[in-house]
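The structure under discussion appears below in the form of structure tokens.
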Amino acid sequence: MWRWLLIGPLLLVIVLFALSNMQPVSVGLWPFDLTWQTPLALAVLLVSALAFLLGAFVAWTAGMPSRRRMRARARAGEAAQAELNELRAREAKRVEAETLARDQAMYSGTGSRAVRVIG
């Protein structure tokens, strides 16, 4: 919804500009001997669109190193999380084995059996 509040007036200005500037102009490319007739609005909007695309490309390429670092850090974080989960599982098994051994040692001389409820 908020996006249309920003895009709507911009589109209205672009349409009004295009409708107001329909007179033909000669557009030429300097080092070459090329010229063509086109409406002024089309020439201006085409150059504006090309400049926008060039700026978007420059911004995208400028952000590539930071995106690469972000992906590497995400992979490192996932590896660290997997290692942490493995260490926690190993420690839980070790504690369980020690507890079971301690319980068996505690009840071995009495003749009774220790029943461990896990839950």
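Just remember, in the structure tokens the first chain shown is A, the second B, etc., residues are 1-based per chain, and ligands are 1-based in the order shown.
Close contacts of Ile14 (chain A), defined as residues with an atom at most 12 Å away when counting only C-alpha atoms, with chain neighbours fewer than 4 positions off set aside, comprise A:Ile7, A:Gly8, A:Pro9, A:Leu10, A:Ala18, A:Leu19, A:Ser20, A:Asn21, A:Ala41, A:Leu42, A:Val44, A:Leu45, A:Leu46, A:Ser48, A:Ala49.
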Any chance you can output those residues with C-alpha atoms as a PDB file, in the first residue's frame?
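Writing done, so here's out-v8.pdb:
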ATOM      1  CA  ILE A   7       5.121   5.176  -7.070  1.00  0.00           C
ATOM      2  CA  GLY A   8       1.760   6.702  -8.041  1.00  0.00           C
ATOM      3  CA  PRO A   9       2.857  10.364  -8.090  1.00  0.00           C
ATOM      4  CA  LEU A  10       6.083   9.422  -9.875  1.00  0.00           C
ATOM      5  CA  ALA A  18       5.617  12.232 -21.905  1.00  0.00           C
ATOM      6  CA  LEU A  19       2.299  13.777 -22.985  1.00  0.00           C
ATOM      7  CA  SER A  20       3.675  17.320 -22.737  1.00  0.00           C
ATOM      8  CA  ASN A  21       6.829  16.695 -24.778  1.00  0.00           C
ATOM      9  CA  ALA A  41       9.881  12.388 -24.106  1.00  0.00           C
ATOM     10  CA  LEU A  42      11.069   9.066 -25.511  1.00  0.00           C
ATOM     11  CA  VAL A  44      14.730  11.698 -22.280  1.00  0.00           C
ATOM     12  CA  LEU A  45      13.026   8.678 -20.713  1.00  0.00           C
ATOM     13  CA  LEU A  46      15.254   6.253 -22.612  1.00  0.00           C
ATOM     14  CA  SER A  48      17.037   8.137 -17.901  1.00  0.00           C
ATOM     15  CA  ALA A  49      16.237   4.416 -17.960  1.00  0.00           C
TER      16      ALA A  49
END
| task | Extract the full set of alpha helix (DSSP H) residues from chain A according to DSSP on the backbone, and format it as a PyMOL selection string. | result | chain A and resi 2-20+40-62+64-107
Once DSSP has gone over the backbone, tell me which residues of region 10-96 of chain A are in strand (DSSP E or B), as a PDB file with all heavy atoms, in the first residue's frame.
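New file out37.pdb:
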ATOM      1  N   PRO A  24       9.032  16.218 -32.066  1.00  0.00           N
ATOM      2  CA  PRO A  24      10.171  15.403 -32.511  1.00  0.00           C
ATOM      3  C   PRO A  24      11.485  16.165 -32.376  1.00  0.00           C
ATOM      4  O   PRO A  24      11.546  17.375 -32.557  1.00  0.00           O
ATOM      5  CB  PRO A  24       9.852  15.108 -33.978  1.00  0.00           C
ATOM      6  CG  PRO A  24       8.924  16.178 -34.393  1.00  0.00           C
ATOM      7  CD  PRO A  24       8.174  16.619 -33.177  1.00  0.00           C
ATOM      8  N   VAL A  25      12.512  15.428 -32.028  1.00  0.00           N
ATOM      9  CA  VAL A  25      13.861  15.980 -31.942  1.00  0.00           C
ATOM     10  C   VAL A  25      14.807  15.037 -32.673  1.00  0.00           C
ATOM     11  O   VAL A  25      14.522  13.865 -32.843  1.00  0.00           O
ATOM     12  CB  VAL A  25      14.333  16.141 -30.480  1.00  0.00           C
ATOM     13  CG1 VAL A  25      13.524  17.180 -29.753  1.00  0.00           C
ATOM     14  CG2 VAL A  25      14.303  14.828 -29.743  1.00  0.00           C
ATOM     15  N   SER A  26      15.913  15.595 -33.129  1.00  0.00           N
ATOM     16  CA  SER A  26      16.949  14.781 -33.756  1.00  0.00           C
ATOM     17  C   SER A  26      17.933  14.335 -32.695  1.00  0.00           C
ATOM     18  O   SER A  26      18.495  15.141 -31.963  1.00  0.00           O
ATOM     19  CB  SER A  26      17.705  15.591 -34.808  1.00  0.00           C
ATOM     20  OG  SER A  26      16.998  15.621 -36.000  1.00  0.00           O
ATOM     21  N   VAL A  27      18.133  13.055 -32.630  1.00  0.00           N
ATOM     22  CA  VAL A  27      19.063  12.488 -31.667  1.00  0.00           C
ATOM     23  C   VAL A  27      20.231  11.907 -32.456  1.00  0.00           C
ATOM     24  O   VAL A  27      20.034  11.145 -33.396  1.00  0.00           O
ATOM     25  CB  VAL A  27      18.384  11.391 -30.822  1.00  0.00           C
ATOM     26  CG1 VAL A  27      19.374  10.765 -29.856  1.00  0.00           C
ATOM     27  CG2 VAL A  27      17.203  11.951 -30.065  1.00  0.00           C
ATOM     28  N   GLY A  28      21.437  12.293 -32.079  1.00  0.00           N
ATOM     29  CA  GLY A  28      22.618  11.810 -32.782  1.00  0.00           C
ATOM     30  C   GLY A  28      23.638  11.261 -31.817  1.00  0.00           C
ATOM     31  O   GLY A  28      23.672  11.625 -30.641  1.00  0.00           O
ATOM     32  N   LEU A  29      24.466  10.386 -32.326  1.00  0.00           N
ATOM     33  CA  LEU A  29      25.547   9.803 -31.551  1.00  0.00           C
ATOM     34  C   LEU A  29      26.837  10.375 -32.097  1.00  0.00           C
ATOM     35  O   LEU A  29      27.176  10.199 -33.265  1.00  0.00           O
ATOM     36  CB  LEU A  29      25.502   8.271 -31.680  1.00  0.00           C
ATOM     37  CG  LEU A  29      26.389   7.490 -30.739  1.00  0.00           C
ATOM     38  CD1 LEU A  29      26.036   7.802 -29.288  1.00  0.00           C
ATOM     39  CD2 LEU A  29      26.212   5.999 -30.995  1.00  0.00           C
ATOM     40  N   LEU A  34      25.249   8.992 -37.029  1.00  0.00           N
ATOM     41  CA  LEU A  34      23.911   8.427 -36.889  1.00  0.00           C
ATOM     42  C   LEU A  34      22.995   9.461 -36.253  1.00  0.00           C
ATOM     43  O   LEU A  34      23.320  10.033 -35.217  1.00  0.00           O
ATOM     44  CB  LEU A  34      23.937   7.185 -35.994  1.00  0.00           C
ATOM     45  CG  LEU A  34      24.749   5.993 -36.474  1.00  0.00           C
ATOM     46  CD1 LEU A  34      24.798   4.949 -35.382  1.00  0.00           C
ATOM     47  CD2 LEU A  34      24.134   5.425 -37.731  1.00  0.00           C
ATOM     48  N   THR A  35      21.866   9.708 -36.879  1.00  0.00           N
ATOM     49  CA  THR A  35      20.830  10.568 -36.290  1.00  0.00           C
ATOM     50  C   THR A  35      19.473   9.950 -36.589  1.00  0.00           C
ATOM     51  O   THR A  35      19.286   9.281 -37.601  1.00  0.00           O
ATOM     52  CB  THR A  35      20.875  11.999 -36.872  1.00  0.00           C
ATOM     53  OG1 THR A  35      20.711  11.924 -38.272  1.00  0.00           O
ATOM     54  CG2 THR A  35      22.150  12.707 -36.502  1.00  0.00           C
ATOM     55  N   TRP A  36      18.544  10.167 -35.691  1.00  0.00           N
ATOM     56  CA  TRP A  36      17.183   9.719 -35.925  1.00  0.00           C
ATOM     57  C   TRP A  36      16.216  10.653 -35.228  1.00  0.00           C
ATOM     58  O   TRP A  36      16.555  11.339 -34.283  1.00  0.00           O
ATOM     59  CB  TRP A  36      16.964   8.257 -35.514  1.00  0.00           C
ATOM     60  CG  TRP A  36      17.051   7.974 -34.044  1.00  0.00           C
ATOM     61  CD1 TRP A  36      16.059   8.006 -33.143  1.00  0.00           C
ATOM     62  CD2 TRP A  36      18.229   7.628 -33.313  1.00  0.00           C
ATOM     63  NE1 TRP A  36      16.511   7.696 -31.898  1.00  0.00           N
ATOM     64  CE2 TRP A  36      17.842   7.449 -31.977  1.00  0.00           C
ATOM     65  CE3 TRP A  36      19.558   7.434 -33.654  1.00  0.00           C
ATOM     66  CZ2 TRP A  36      18.742   7.105 -30.982  1.00  0.00           C
ATOM     67  CZ3 TRP A  36      20.446   7.087 -32.652  1.00  0.00           C
ATOM     68  CH2 TRP A  36      20.040   6.924 -31.345  1.00  0.00           C
ATOM     69  N   GLN A  37      15.023  10.676 -35.743  1.00  0.00           N
ATOM     70  CA  GLN A  37      13.949  11.524 -35.206  1.00  0.00           C
ATOM     71  C   GLN A  37      13.147  10.699 -34.197  1.00  0.00           C
ATOM     72  O   GLN A  37      12.740   9.582 -34.486  1.00  0.00           O
ATOM     73  CB  GLN A  37      13.010  11.989 -36.328  1.00  0.00           C
ATOM     74  CG  GLN A  37      13.636  12.925 -37.322  1.00  0.00           C
ATOM     75  CD  GLN A  37      13.774  14.316 -36.752  1.00  0.00           C
ATOM     76  OE1 GLN A  37      12.984  14.744 -35.940  1.00  0.00           O
ATOM     77  NE2 GLN A  37      14.809  15.020 -37.191  1.00  0.00           N
ATOM     78  N   THR A  38      12.943  11.277 -33.042  1.00  0.00           N
ATOM     79  CA  THR A  38      12.152  10.613 -32.002  1.00  0.00           C
ATOM     80  C   THR A  38      11.478  11.683 -31.149  1.00  0.00           C
ATOM     81  O   THR A  38      11.957  12.818 -31.079  1.00  0.00           O
ATOM     82  CB  THR A  38      13.060   9.700 -31.144  1.00  0.00           C
ATOM     83  OG1 THR A  38      12.256   8.997 -30.210  1.00  0.00           O
ATOM     84  CG2 THR A  38      14.110  10.474 -30.406  1.00  0.00           C
ATOM     85  N   PRO A  39      10.365  11.358 -30.512  1.00  0.00           N
ATOM     86  CA  PRO A  39       9.754  12.327 -29.599  1.00  0.00           C
ATOM     87  C   PRO A  39      10.705  12.646 -28.441  1.00  0.00           C
ATOM     88  O   PRO A  39      11.455  11.784 -27.980  1.00  0.00           O
ATOM     89  CB  PRO A  39       8.509  11.618 -29.086  1.00  0.00           C
ATOM     90  CG  PRO A  39       8.212  10.566 -30.088  1.00  0.00           C
ATOM     91  CD  PRO A  39       9.531  10.166 -30.667  1.00  0.00           C
TER      92      PRO A  39
END
Using only C-alpha atoms, find each residue of region 9-83 of chain A with at least one atom at most 10 Å away from an atom of region 87-104 of chain A; report its shortest atom-to-atom pair and that distance in Å (one decimal), sort the rows by chain and rising residue number, and return the result as JSON lines.
{"residue": "A:Gln81", "atom": "CA", "partner": "A:Leu87", "partner_atom": "CA", "distance": 9.8}
{"residue": "A:Ala82", "atom": "CA", "partner": "A:Leu87", "partner_atom": "CA", "distance": 8.6}
{"residue": "A:Glu83", "atom": "CA", "partner": "A:Leu87", "partner_atom": "CA", "distance": 6.1}
